[in-house]
Amino acid sequence: MNTTLAKKLRNQDPDLDVVCKWVESIDKKEWSKLFRKSYDQIYDGVNTGRYKWKDLCKTEKTHFGTIIEINIQKTFAIDDGNLLDYLIKNIEVDCKFSQKMYSWMIPHEAYGQICLLCHAIDDGDINSNWSIGVMRTHESDLGDSRNQDKKGTLSKLSQDKVYWVYYQNELPKNVLLCLPQEDQDAIFESIDIPRKGQFRINELFRKSLGRKIGRSVILTVGKQEDALKRVRGNGGARSHLRKENIIILSGKWESHKVIAKGLDLPDLEVYEFIAVRVIPCSPSTINCAKIGEYYWEVNLNKKSDKIAPILPER
């Protein structure tokens, strides 16, 4: 990942090393959440129903770098720089984002300065990752081409100078992009009919069995601010899908986390959900959980005459 040149430049530049260490001091889970949050923010699914990068207009795609820059500053309480975007450990740092690797636009004021170089791509199961590199950029590192603002991108020869603190880490999945197009179409069939929000959310859980579903996806599919209410029992998706042997676990409830662990499902964050089809089983079954009076196991295909149990909410 890191070239001999990139390592050498870090070792020879104390300020560059300080900024790299600052990036390293933040757990990559926090960086992952930040990139996911930024994508969901630009999609604005609750108001637009969008969840794909290609659905953004050119201005929004350009503005995404600003959103990343702002979210980094707010999340990690970074001071404004006097010359550049940030002041990290009293070091001026410029923040750049590019959807295309190595295509950051380096401005004149960043010549000789340290840049925080961010890259991410949101393509569902195909290719969803994020990276953060650090580099002291010089005019000699840029190619011959410049835009009207005299900004330029790194030349091919200079790309080896980027020190990658985090490289191609997994971006939390946009579950909608992980589904076949026909399933996406089925979920969004009635996107322009507000009263069909419950139908769409029910379909989302049917089509996403075994996958973690985040809060932003619920809001995008429900297309309303209180869409999370449509996941609950008492008339929500949990009630509608019980007869199909489907339960919906929430990271909000400790009892649900215990059930998820017993069923060998992924760990859930507070605003994450996962739906699975369950059938009754013996207490000796591997990967089972007791819910109510009976023990249950996951079976994504087989259905049972016994409807799914009512889940505790605590």
# chains A, B, ... in the order shown; residues from 1 in each chain; ligands from 1
>>> select_by_dssp(residues="stretch 65-218 of chain A", states="alpha helix (DSSP H)", output="PyMOL selection string")
chain A and resi 65-75+181-187+197-207+215-218
>>> write_last_selection(atoms="N, CA and C atoms", output="short mmCIF file (atom, residue, chain, number, x, y, z; two decimals), in the first residue's frame")
data_model
loop_
_atom_site.label_atom_id
_atom_site.label_comp_id
_atom_site.auth_asym_id
_atom_site.auth_seq_id
_atom_site.Cartn_x
_atom_site.Cartn_y
_atom_site.Cartn_z
N GLY A 65 -17.41 17.24 -1.68
CA GLY A 65 -16.12 17.45 -1.03
C GLY A 65 -16.23 18.43 0.13
N THR A 66 -17.08 19.46 -0.03
CA THR A 66 -17.30 20.43 1.05
C THR A 66 -18.00 19.77 2.22
N ILE A 67 -18.95 18.89 1.94
CA ILE A 67 -19.65 18.17 3.01
C ILE A 67 -18.67 17.31 3.81
N ILE A 68 -17.80 16.60 3.11
CA ILE A 68 -16.78 15.79 3.78
C ILE A 68 -15.91 16.68 4.67
N GLU A 69 -15.46 17.78 4.11
CA GLU A 69 -14.59 18.71 4.84
C GLU A 69 -15.28 19.23 6.11
N ILE A 70 -16.54 19.63 5.99
CA ILE A 70 -17.28 20.17 7.14
C ILE A 70 -17.51 19.09 8.18
N ASN A 71 -17.90 17.90 7.74
CA ASN A 71 -18.19 16.81 8.69
C ASN A 71 -16.94 16.38 9.45
N ILE A 72 -15.79 16.36 8.78
CA ILE A 72 -14.54 16.03 9.47
C ILE A 72 -14.26 17.08 10.55
N GLN A 73 -14.42 18.34 10.18
CA GLN A 73 -14.12 19.41 11.13
C GLN A 73 -15.05 19.38 12.34
N LYS A 74 -16.36 19.20 12.10
CA LYS A 74 -17.32 19.19 13.20
C LYS A 74 -17.18 17.94 14.06
N THR A 75 -17.02 16.80 13.42
CA THR A 75 -16.96 15.53 14.16
C THR A 75 -15.76 15.45 15.07
N GLN A 181 -31.63 -5.17 -9.21
CA GLN A 181 -32.43 -4.03 -9.65
C GLN A 181 -33.93 -4.30 -9.54
N GLU A 182 -34.34 -5.55 -9.81
CA GLU A 182 -35.77 -5.84 -9.74
C GLU A 182 -36.29 -5.71 -8.32
N ASP A 183 -35.44 -6.02 -7.32
CA ASP A 183 -35.85 -5.85 -5.92
C ASP A 183 -35.91 -4.37 -5.55
N GLN A 184 -34.96 -3.60 -6.05
CA GLN A 184 -35.00 -2.16 -5.82
C GLN A 184 -36.28 -1.57 -6.41
N ASP A 185 -36.61 -2.00 -7.61
CA ASP A 185 -37.82 -1.50 -8.27
C ASP A 185 -39.07 -1.88 -7.49
N ALA A 186 -39.09 -3.09 -6.95
CA ALA A 186 -40.26 -3.55 -6.18
C ALA A 186 -40.45 -2.71 -4.92
N ILE A 187 -39.33 -2.37 -4.27
CA ILE A 187 -39.40 -1.57 -3.04
C ILE A 187 -39.91 -0.16 -3.34
N GLY A 197 -46.00 4.30 2.24
CA GLY A 197 -44.72 4.18 2.94
C GLY A 197 -44.59 2.88 3.70
N GLN A 198 -45.65 2.42 4.35
CA GLN A 198 -45.60 1.17 5.09
C GLN A 198 -45.39 -0.01 4.15
N PHE A 199 -46.03 0.02 3.00
CA PHE A 199 -45.85 -1.04 2.01
C PHE A 199 -44.39 -1.12 1.57
N ARG A 200 -43.76 0.04 1.32
CA ARG A 200 -42.37 0.06 0.85
C ARG A 200 -41.43 -0.49 1.92
N ILE A 201 -41.67 -0.10 3.18
CA ILE A 201 -40.78 -0.57 4.25
C ILE A 201 -40.95 -2.06 4.47
N ASN A 202 -42.17 -2.57 4.40
CA ASN A 202 -42.39 -4.02 4.48
C ASN A 202 -41.60 -4.73 3.39
N GLU A 203 -41.67 -4.19 2.18
CA GLU A 203 -40.98 -4.81 1.03
C GLU A 203 -39.47 -4.73 1.20
N LEU A 204 -38.99 -3.64 1.78
CA LEU A 204 -37.55 -3.49 2.04
C LEU A 204 -37.05 -4.64 2.90
N PHE A 205 -37.75 -4.95 3.99
CA PHE A 205 -37.30 -6.02 4.88
C PHE A 205 -37.44 -7.38 4.22
N ARG A 206 -38.47 -7.57 3.42
CA ARG A 206 -38.63 -8.85 2.71
C ARG A 206 -37.44 -9.10 1.77
N LYS A 207 -37.03 -8.05 1.07
CA LYS A 207 -36.00 -8.19 0.05
C LYS A 207 -34.58 -8.16 0.64
N ARG A 215 -30.58 3.45 9.52
CA ARG A 215 -31.65 4.44 9.69
C ARG A 215 -31.92 5.22 8.41
N SER A 216 -30.86 5.63 7.73
CA SER A 216 -31.04 6.46 6.53
C SER A 216 -31.79 5.71 5.43
N VAL A 217 -31.60 4.39 5.36
CA VAL A 217 -32.32 3.60 4.36
C VAL A 217 -33.80 3.57 4.68
N ILE A 218 -34.14 3.41 5.97
CA ILE A 218 -35.55 3.43 6.38
C ILE A 218 -36.19 4.76 6.00
#
>>> residues_around(residues="stretch 78-87 of chain A", least_positions_apart="5", cutoff="12 Å", atoms="only C-alpha atoms", output="PyMOL selection string")
chain A and resi 15+18-19+22-23+66+68-73+92-96+106-116
>>> residues_around(residues="A:Ser145", least_positions_apart="6", cutoff="10 Å", atoms="only C-alpha atoms", output="MDAnalysis selection string")
chainID A and resid 151:155
>>> write_last_selection(atoms="C-alpha atoms", output="CSV table (one decimal), in the first residue's frame")
chain,number,residue,atom,x,y,z
A,151,LYS,CA,-5.7,24.1,-9.6
A,152,GLY,CA,-4.0,20.9,-10.7
A,153,THR,CA,-4.0,17.1,-10.0
A,154,LEU,CA,-1.0,15.0,-9.0
A,155,SER,CA,1.2,13.7,-11.8
>>> residues_around(residues="A:Ile310", least_positions_apart="4", cutoff="10 Å", atoms="only C-alpha atoms", output="MDAnalysis selection string")
chainID A and resid 233 238:239 242 247:248 291:292
>>> residues_around(residues="A:Leu263", least_positions_apart="5", cutoff="12 Å", atoms="only C-alpha atoms", output="number ranges by chain")
A: 210, 247, 249, 256-258, 274-279, 281, 285-291, 295-299
>>> residues_around(residues="stretch 98-105 of chain A", least_positions_apart="5", cutoff="12 Å", atoms="only C-alpha atoms", output="MDAnalysis selection string")
chainID A and resid 35 39 53:54 61:66 68:69 110:111 115:123 128:135 137 139 141:143 145:162 164 167:168
>>> select_by_dssp(residues="stretch 103-230 of chain A", states="strand (DSSP E)", output="VMD selection string")
chain A and resid 113 to 121 129 to 137 163 to 170 212 to 214
>>> write_last_selection(atoms="N, CA and C atoms", output="short mmCIF file (atom, residue, chain, number, x, y, z; two decimals), in the first residue's frame")
data_model
loop_
_atom_site.label_atom_id
_atom_site.label_comp_id
_atom_site.auth_asym_id
_atom_site.auth_seq_id
_atom_site.Cartn_x
_atom_site.Cartn_y
_atom_site.Cartn_z
N GLN A 113 2.39 22.76 1.40
CA GLN A 113 1.61 22.52 2.62
C GLN A 113 1.17 21.05 2.68
N ILE A 114 0.62 20.67 3.83
CA ILE A 114 0.16 19.28 4.02
C ILE A 114 -1.32 19.17 3.64
N CYS A 115 -1.65 18.15 2.89
CA CYS A 115 -3.03 17.91 2.46
C CYS A 115 -3.55 16.59 3.02
N LEU A 116 -4.78 16.64 3.49
CA LEU A 116 -5.50 15.44 3.89
C LEU A 116 -6.31 15.00 2.67
N LEU A 117 -5.94 13.88 2.07
CA LEU A 117 -6.50 13.45 0.79
C LEU A 117 -7.50 12.32 1.00
N CYS A 118 -8.77 12.62 0.76
CA CYS A 118 -9.85 11.67 1.02
C CYS A 118 -10.42 11.12 -0.29
N HIS A 119 -10.75 9.86 -0.26
CA HIS A 119 -11.37 9.20 -1.41
C HIS A 119 -12.41 8.21 -0.89
N ALA A 120 -13.53 8.13 -1.57
CA ALA A 120 -14.55 7.13 -1.20
C ALA A 120 -15.41 6.82 -2.41
N ILE A 121 -15.99 5.64 -2.40
CA ILE A 121 -16.91 5.23 -3.46
C ILE A 121 -18.01 4.39 -2.85
N ASN A 129 -15.79 1.56 -0.57
CA ASN A 129 -14.64 1.71 0.32
C ASN A 129 -14.27 3.18 0.48
N TRP A 130 -13.40 3.44 1.43
CA TRP A 130 -12.90 4.80 1.66
C TRP A 130 -11.41 4.74 2.00
N SER A 131 -10.73 5.82 1.71
CA SER A 131 -9.28 5.91 1.98
C SER A 131 -8.94 7.33 2.43
N ILE A 132 -7.90 7.43 3.26
CA ILE A 132 -7.37 8.73 3.67
C ILE A 132 -5.85 8.70 3.57
N GLY A 133 -5.32 9.61 2.77
CA GLY A 133 -3.88 9.74 2.63
C GLY A 133 -3.42 11.11 3.08
N VAL A 134 -2.13 11.24 3.36
CA VAL A 134 -1.55 12.52 3.77
C VAL A 134 -0.31 12.76 2.92
N MET A 135 -0.15 14.01 2.47
CA MET A 135 0.99 14.34 1.61
C MET A 135 1.30 15.83 1.71
N ARG A 136 2.57 16.16 1.68
CA ARG A 136 2.97 17.56 1.52
C ARG A 136 3.09 17.81 0.02
N THR A 137 2.24 18.67 -0.48
CA THR A 137 2.16 18.85 -1.94
C THR A 137 2.99 20.05 -2.39
N TYR A 163 1.09 9.21 1.52
CA TYR A 163 1.17 8.22 2.60
C TYR A 163 -0.25 7.84 2.99
N TRP A 164 -0.62 6.57 2.74
CA TRP A 164 -1.98 6.11 3.01
C TRP A 164 -2.10 5.65 4.47
N VAL A 165 -2.77 6.47 5.28
CA VAL A 165 -3.01 6.11 6.68
C VAL A 165 -4.07 5.01 6.73
N TYR A 166 -5.12 5.17 5.96
CA TYR A 166 -6.15 4.14 5.80
C TYR A 166 -6.40 3.97 4.31
N TYR A 167 -6.38 2.73 3.85
CA TYR A 167 -6.50 2.49 2.41
C TYR A 167 -7.56 1.44 2.12
N GLN A 168 -8.56 1.84 1.34
CA GLN A 168 -9.64 0.97 0.89
C GLN A 168 -10.28 0.18 2.03
N ASN A 169 -10.65 0.89 3.08
CA ASN A 169 -11.43 0.29 4.16
C ASN A 169 -12.89 0.21 3.73
N GLU A 170 -13.58 -0.78 4.26
CA GLU A 170 -14.97 -1.01 3.85
C GLU A 170 -15.88 0.13 4.30
N LYS A 212 -27.89 -5.97 7.24
CA LYS A 212 -28.10 -4.85 8.15
C LYS A 212 -28.68 -3.66 7.38
N ILE A 213 -29.66 -3.01 7.98
CA ILE A 213 -30.33 -1.88 7.36
C ILE A 213 -30.21 -0.68 8.29
N GLY A 214 -29.62 0.41 7.79
CA GLY A 214 -29.42 1.60 8.60
C GLY A 214 -30.61 2.53 8.60
#
>>> atom_distance(atom1="atom CA of A:Val46", atom2="atom CA of A:Ile191")
10.9 Å
>>> atom_distance(atom1="atom CA of A:Leu209", atom2="atom CA of A:Asp27")
29.3 Å
>>> atom_distance(atom1="atom CA of A:Glu254", atom2="atom CA of A:Pro172")
21.8 Å
>>> closest_residue(among="A:His138, A:Arg232, A:Arg314, A:Lys52", to="A:Trp253", atoms="only C-alpha atoms")
A:Arg314
